[in-house]
Structure formats: C-alpha cells, structure tokens
>>> print(open('protein31.tsv').read())   # TSV, C-alpha atoms and all ligand atoms
chain	number	residue	atom	x	y	z
U	1	MET	CA	-134.51	-112.40	-210.35
U	2	PRO	CA	-134.90	-111.44	-206.71
U	3	SER	CA	-131.74	-110.61	-204.86
U	4	SER	CA	-130.76	-108.70	-201.79
U	5	GLN	CA	-130.90	-105.58	-203.98
U	6	CYS	CA	-134.41	-106.02	-205.39
U	7	ALA	CA	-135.74	-102.58	-206.30
U	8	ASN	CA	-139.18	-102.98	-204.78
U	9	HIS	CA	-139.62	-105.88	-202.43
U	10	HIS	CA	-143.37	-105.35	-202.20
U	11	ILE	CA	-143.54	-106.48	-205.84
U	12	CYS	CA	-141.44	-109.59	-205.07
U	13	GLN	CA	-143.82	-110.51	-202.28
U	14	GLU	CA	-147.03	-109.89	-204.27
U	15	THR	CA	-145.67	-111.75	-207.31
U	16	ALA	CA	-144.69	-114.72	-205.15
U	17	LEU	CA	-148.16	-114.91	-203.60
U	18	ALA	CA	-149.85	-114.66	-207.01
U	19	THR	CA	-147.51	-117.37	-208.36
U	20	ALA	CA	-148.39	-119.59	-205.39
U	21	GLU	CA	-152.15	-119.07	-205.96
U	22	ALA	CA	-151.79	-119.98	-209.63
U	23	HIS	CA	-149.63	-122.99	-208.76
U	24	CYS	CA	-152.19	-124.32	-206.25
U	25	ASP	CA	-155.08	-123.77	-208.71
U	26	LYS	CA	-153.21	-125.66	-211.40
U	27	PHE	CA	-152.46	-128.63	-209.15
U	28	GLY	CA	-155.84	-128.70	-207.40
U	29	GLU	CA	-154.33	-127.72	-204.05
U	30	ARG	CA	-155.69	-125.15	-201.66
U	31	LEU	CA	-153.71	-122.16	-200.44
U	32	THR	CA	-155.66	-121.84	-197.20
U	33	PRO	CA	-155.47	-118.55	-195.23
U	34	ASN	CA	-152.92	-120.07	-192.82
U	35	ARG	CA	-150.73	-121.39	-195.63
U	36	ARG	CA	-150.97	-118.04	-197.42
U	37	ASP	CA	-150.07	-116.13	-194.24
U	38	VAL	CA	-147.03	-118.31	-193.61
U	39	LEU	CA	-145.91	-117.85	-197.21
U	40	ARG	CA	-146.42	-114.07	-196.99
U	41	LEU	CA	-144.33	-113.93	-193.80
U	42	ILE	CA	-141.56	-116.00	-195.40
U	43	TRP	CA	-141.59	-113.52	-198.28
U	44	GLN	CA	-141.30	-110.54	-195.93
U	45	SER	CA	-137.66	-110.39	-196.99
U	46	HIS	CA	-135.00	-112.39	-198.78
U	47	ARG	CA	-133.60	-113.40	-195.40
U	48	PRO	CA	-134.45	-117.01	-194.54
U	49	ILE	CA	-136.69	-117.19	-191.49
U	50	LYS	CA	-136.75	-119.83	-188.74
U	51	ALA	CA	-139.87	-121.82	-187.86
U	52	TYR	CA	-140.07	-120.41	-184.34
U	53	ASP	CA	-139.94	-116.83	-185.65
U	54	LEU	CA	-142.81	-117.69	-187.99
U	55	ILE	CA	-144.74	-119.17	-185.06
U	56	ASP	CA	-144.20	-115.93	-183.09
U	57	LEU	CA	-145.36	-113.78	-185.99
U	58	MET	CA	-148.36	-115.98	-186.74
U	59	SER	CA	-149.52	-116.12	-183.12
U	60	ALA	CA	-149.05	-112.35	-182.83
U	61	GLN	CA	-151.62	-112.03	-185.66
U	62	ASP	CA	-153.96	-114.65	-184.27
U	63	ALA	CA	-153.55	-116.05	-180.76
U	64	LYS	CA	-155.40	-119.24	-181.81
U	65	VAL	CA	-152.61	-120.27	-184.18
U	66	LYS	CA	-150.74	-123.29	-182.79
U	67	PRO	CA	-147.14	-124.26	-183.66
U	68	ALA	CA	-148.50	-127.43	-185.33
U	69	THR	CA	-150.53	-125.24	-187.71
U	70	VAL	CA	-147.38	-123.44	-188.79
U	71	TYR	CA	-145.41	-126.68	-189.19
U	72	ARG	CA	-148.24	-128.17	-191.29
U	73	ALA	CA	-148.28	-125.06	-193.48
U	74	LEU	CA	-144.48	-125.31	-193.89
U	75	ASP	CA	-144.76	-128.99	-194.87
U	76	PHE	CA	-147.37	-128.10	-197.47
U	77	LEU	CA	-145.34	-125.21	-198.91
U	78	LEU	CA	-142.20	-127.40	-199.04
U	79	ALA	CA	-144.08	-130.24	-200.72
U	80	GLN	CA	-145.45	-127.83	-203.31
U	81	GLY	CA	-141.97	-126.42	-203.98
U	82	LEU	CA	-143.13	-122.93	-202.97
U	83	ILE	CA	-140.41	-122.58	-200.35
U	84	HIS	CA	-136.99	-124.09	-199.69
U	85	LYS	CA	-135.36	-125.10	-196.45
U	86	ILE	CA	-131.86	-123.80	-195.90
U	87	ASP	CA	-130.41	-126.61	-193.77
U	88	SER	CA	-127.31	-124.73	-192.62
U	89	LEU	CA	-129.54	-122.02	-191.10
U	90	SER	CA	-132.54	-124.25	-190.22
U	91	ALA	CA	-134.60	-121.58	-191.91
U	92	PHE	CA	-137.03	-121.21	-194.81
U	93	THR	CA	-136.96	-119.02	-197.88
U	94	GLY	CA	-139.45	-118.45	-200.68
U	95	CYS	CA	-138.95	-119.99	-204.13
U	96	SER	CA	-139.36	-117.49	-206.91
U	97	HIS	CA	-139.93	-120.08	-209.64
U	98	PRO	CA	-141.64	-123.14	-208.15
U	99	ASN	CA	-141.33	-126.42	-210.05
U	100	GLN	CA	-139.02	-125.09	-212.70
U	101	HIS	CA	-136.01	-126.90	-211.29
U	102	ASP	CA	-135.05	-129.84	-209.11
U	103	ASP	CA	-131.75	-128.56	-207.85
U	104	CYS	CA	-131.02	-125.25	-206.22
U	105	TYR	CA	-128.00	-123.41	-205.09
U	106	PHE	CA	-128.10	-120.65	-202.53
U	107	LEU	CA	-125.67	-117.81	-202.13
U	108	ILE	CA	-126.04	-116.93	-198.48
U	109	CYS	CA	-124.73	-113.56	-197.28
U	110	GLN	CA	-123.10	-113.83	-193.87
U	111	SER	CA	-123.41	-110.08	-193.35
U	112	CYS	CA	-127.06	-109.30	-194.11
U	113	GLY	CA	-128.46	-112.84	-194.03
U	114	THR	CA	-130.09	-112.80	-197.47
U	115	ALA	CA	-130.18	-115.99	-199.51
U	116	GLN	CA	-130.16	-115.70	-203.27
U	117	GLU	CA	-131.40	-118.70	-205.21
U	118	CYS	CA	-129.48	-119.77	-208.29
U	119	CYS	CA	-130.13	-122.72	-210.52
U	120	SER	CA	-127.21	-123.09	-212.87
U	121	PRO	CA	-127.75	-126.07	-215.19
U	122	LEU	CA	-123.94	-126.32	-215.48
U	123	LEU	CA	-123.58	-127.11	-211.78
U	124	ALA	CA	-126.44	-129.60	-211.96
U	125	GLU	CA	-124.77	-131.34	-214.91
U	126	ALA	CA	-121.42	-131.49	-213.12
U	127	ILE	CA	-123.00	-133.02	-210.02
U	128	THR	CA	-125.08	-135.50	-212.02
U	129	SER	CA	-122.11	-136.68	-214.07
U	130	GLU	CA	-119.91	-136.98	-210.95
U	131	ALA	CA	-122.63	-139.03	-209.22
U	132	ARG	CA	-122.99	-141.24	-212.30
U	133	GLN	CA	-119.25	-141.95	-212.32
U	134	GLN	CA	-119.48	-143.02	-208.67
U	135	ASP	CA	-122.62	-145.05	-209.43
U	136	PHE	CA	-124.37	-142.90	-206.83
U	137	LYS	CA	-128.15	-142.40	-207.05
U	138	LEU	CA	-129.02	-138.77	-206.39
U	139	THR	CA	-132.19	-137.92	-204.49
U	140	ARG	CA	-131.73	-134.27	-203.72
U	141	THR	CA	-129.10	-131.61	-204.29
U	142	VAL	CA	-129.03	-128.44	-202.26
U	143	LEU	CA	-125.87	-126.38	-202.20
U	144	GLU	CA	-125.50	-123.63	-199.65
U	145	ILE	CA	-122.68	-121.26	-200.43
U	146	ALA	CA	-121.68	-118.80	-197.71
U	147	GLY	CA	-120.12	-115.41	-198.39
U	148	GLN	CA	-120.97	-111.77	-198.79
U	149	CYS	CA	-123.49	-110.30	-201.23
U	150	ALA	CA	-122.66	-107.47	-203.62
U	151	THR	CA	-124.42	-104.81	-201.51
U	152	CYS	CA	-122.56	-105.84	-198.37
U	153	HIS	CA	-119.05	-106.26	-199.77
U	154	GLN	CA	-119.31	-102.99	-201.68
U	155	THR	CA	-120.17	-101.07	-198.53
U	156	ALA	CA	-118.02	-103.05	-196.05
U	157	PRO	CA	-115.35	-105.02	-197.89
U	158	THR	CA	-114.44	-107.50	-195.14
U	159	ILE	CA	-116.09	-110.52	-193.64
U	160	ALA	CA	-115.62	-110.80	-189.88
U	161	GLY	CA	-112.34	-112.57	-189.17
U	162	GLN	CA	-111.12	-112.29	-192.74
U	163	GLU	CA	-108.81	-109.66	-194.27
U	164	ALA	CA	-109.80	-107.81	-197.42
U	165	ARG	CA	-107.67	-108.70	-200.42
U	201	ZN	ZN	-137.40	-108.63	-203.07
U	202	ZN	ZN	-136.56	-122.58	-205.95
U	203	ZN	ZN	-125.45	-109.00	-197.73
>>> encode(input="protein31.tsv", output="structure tokens")
Amino acid sequence: MPSSQCANHHICQETALATAEAHCDKFGERLTPNRRDVLRLIWQSHRPIKAYDLIDLMSAQDAKVKPATVYRALDFLLAQGLIHKIDSLSAFTGCSHPNQHDDCYFLICQSCGTAQECCSPLLAEAITSEARQQDFKLTRTVLEIAGQCATCHQTAPTIAGQEAR
C-alpha cells in the first residue's frame, strides 16, 4: 500500500502505469501518450497535484500541449478510476487499485501534502446504513481527512497552530 513512506517510489510509479495499461486493455480503452504522460506526472509523488501544475509540466515537455489536452486527459483518467480528485485541495492523485472500490477515504498530511488512500469497508457500511436510515440515495462518497502523517508527526510533533499533547 503506497504511503508517504513508500520505500521506492519509482516502483509505485511504474506499477501504477503498468496497472493503468492493463486496465485500459481490459476495457478496450486507449492510454494515449498524452494520457500516459499526465498519469505519470500525477504519480511523480503521493502529493496531489493541481491541474495548472500539470499543464506547466506537460507544456515544458512539449510546447504544443494545450490546457484542453490536459483537462481531457484528466477527465479520461477520472472516468476510468485511475486517479481521484481531492476536492479540498482541487488536486489530483493516482489510484493504486482502480475499480476495486466505489468509496475512498483520504488521509491528507497538512505538513508534507501527501494523500494516503484508504478504503475501509467498515466506514462504507456505516455511511451506507446512515444514508438508508435517512432515506438518502448516495451517489458518491469521498472523505478527506486532514492531519499529519506518521513520518511528519514523528519528526515534528506539532501541527502549525496546535500544541502537542
Ligand atoms: Zn510511492
Ligand atoms: Zn482509489
Ligand atoms: Zn506528512
């Protein structure tokens, strides 16, 4: 499971790209060079990246790349479940296990900016049963939980503006 402390991020990135290739093959979709490049850039780290940063990086590689190209690639990757959008950051992060879950939960570190994806079936069950009691039809559940990751709180045990306990 990738986290902010992954031992070798190069492996995370390569695995994610291979998973995406296999996913597209299976569903008859095409991971075009632009789509692949955007996905590779998103997987540069476990820190969610904003669309305009991706546009900068893409146009630095190829001056012909237009913002619309990047947005189209993002739409494709989102639709395929290969990336997630973190609404609170307006940024994108790679999905390490596309199409294995409908609901995700992110632990977002406010110190280093990494987002760790969790998919606890217990949380999903709690939310589904709560919604059922309220006769509420769920379409999408994304929980974004802010805090400090293990690496960060072990090295610097306070969050800005908050005392250590
Ligand atoms: Zn990694
Ligand atoms: Zn995911
Ligand atoms: Zn951190």
>>> residues_around(input="protein31.tsv", residues="U:Ala115", least_positions_apart="3", cutoff="7 Å", atoms="all atoms listed in the file", output="mmCIF file with C-alpha atoms, in the frame of the given file")
data_model
loop_
_atom_site.group_PDB
_atom_site.id
_atom_site.type_symbol
_atom_site.label_atom_id
_atom_site.label_comp_id
_atom_site.auth_asym_id
_atom_site.auth_seq_id
_atom_site.Cartn_x
_atom_site.Cartn_y
_atom_site.Cartn_z
ATOM 1 C CA HIS U 46 -135.000 -112.390 -198.780
ATOM 2 C CA ARG U 47 -133.600 -113.400 -195.400
ATOM 3 C CA PRO U 48 -134.450 -117.010 -194.540
ATOM 4 C CA PHE U 106 -128.100 -120.650 -202.530
ATOM 5 C CA LEU U 107 -125.670 -117.810 -202.130
ATOM 6 C CA ILE U 108 -126.040 -116.930 -198.480
ATOM 7 C CA CYS U 109 -124.730 -113.560 -197.280
#
>>> residues_near_ligand(input="protein31.tsv", ligand="ligand ZN 201 (chain U)", cutoff="12 Å", atoms="only C-alpha atoms and all ligand atoms", output="number ranges by chain")
U: 1-16, 42-47, 93-96, 114-117
>>> closest_residue(input="protein31.tsv", among="U:Ala126, U:Ala131, U:Ile86, U:Leu138", to="ligand ZN 202 (chain U)", atoms="only C-alpha atoms and all ligand atoms")
U:Ile86
>>> residues_near_ligand(input="protein31.tsv", ligand="ligand ZN 202 (chain U)", cutoff="9 Å", atoms="only C-alpha atoms and all ligand atoms", output="list in words")
Gly81, Leu82, Ile83, His84, Thr93, Gly94, Cys95, Ser96, His97, Pro98, Asn99, Gln100, His101, Asp102, Asp103, Cys104, Tyr105, Glu117, Cys118 and Cys119 of chain U
>>> residues_near_ligand(input="protein31.tsv", ligand="ligand ZN 203 (chain U)", cutoff="7 Å", atoms="only C-alpha atoms and all ligand atoms", output="PyMOL selection string")
chain U and resi 4+109-114+148-152
>>> closest_residue(input="protein31.tsv", among="U:Ala60, U:Leu89, U:Val38, U:Ile55", to="U:Ala73", atoms="only C-alpha atoms")
U:Val38
>>> atom_distance(input="protein31.tsv", atom1="atom CA of U:Asp87", atom2="atom CA of U:Glu144")
8.2 Å
>>> closest_residue(input="protein31.tsv", among="U:Leu123, U:Ala20, U:Ala156, U:Leu54", to="U:Ala68", atoms="only C-alpha atoms")
U:Leu54
>>> atom_distance(input="protein31.tsv", atom1="atom CA of U:Pro33", atom2="atom CA of U:Leu74")
13.0 Å
>>> residues_around(input="protein31.tsv", residues="U:Cys24", least_positions_apart="5", cutoff="12 Å", atoms="all atoms listed in the file", output="list in words")
Leu17, Ala18, Thr19, Glu29, Arg30, Leu31, Thr32, Arg35, Arg36, Phe76, Leu77, Ala79, Gln80, Gly81, Leu82, Pro98 and Asn99 of chain U
>>> atom_distance(input="protein31.tsv", atom1="atom CA of U:Arg72", atom2="atom CA of U:Thr141")
23.4 Å
>>> closest_residue(input="protein31.tsv", among="U:Ser59, U:Ala51, U:Leu39, U:His153", to="U:Tyr71", atoms="only C-alpha atoms")
U:Ala51
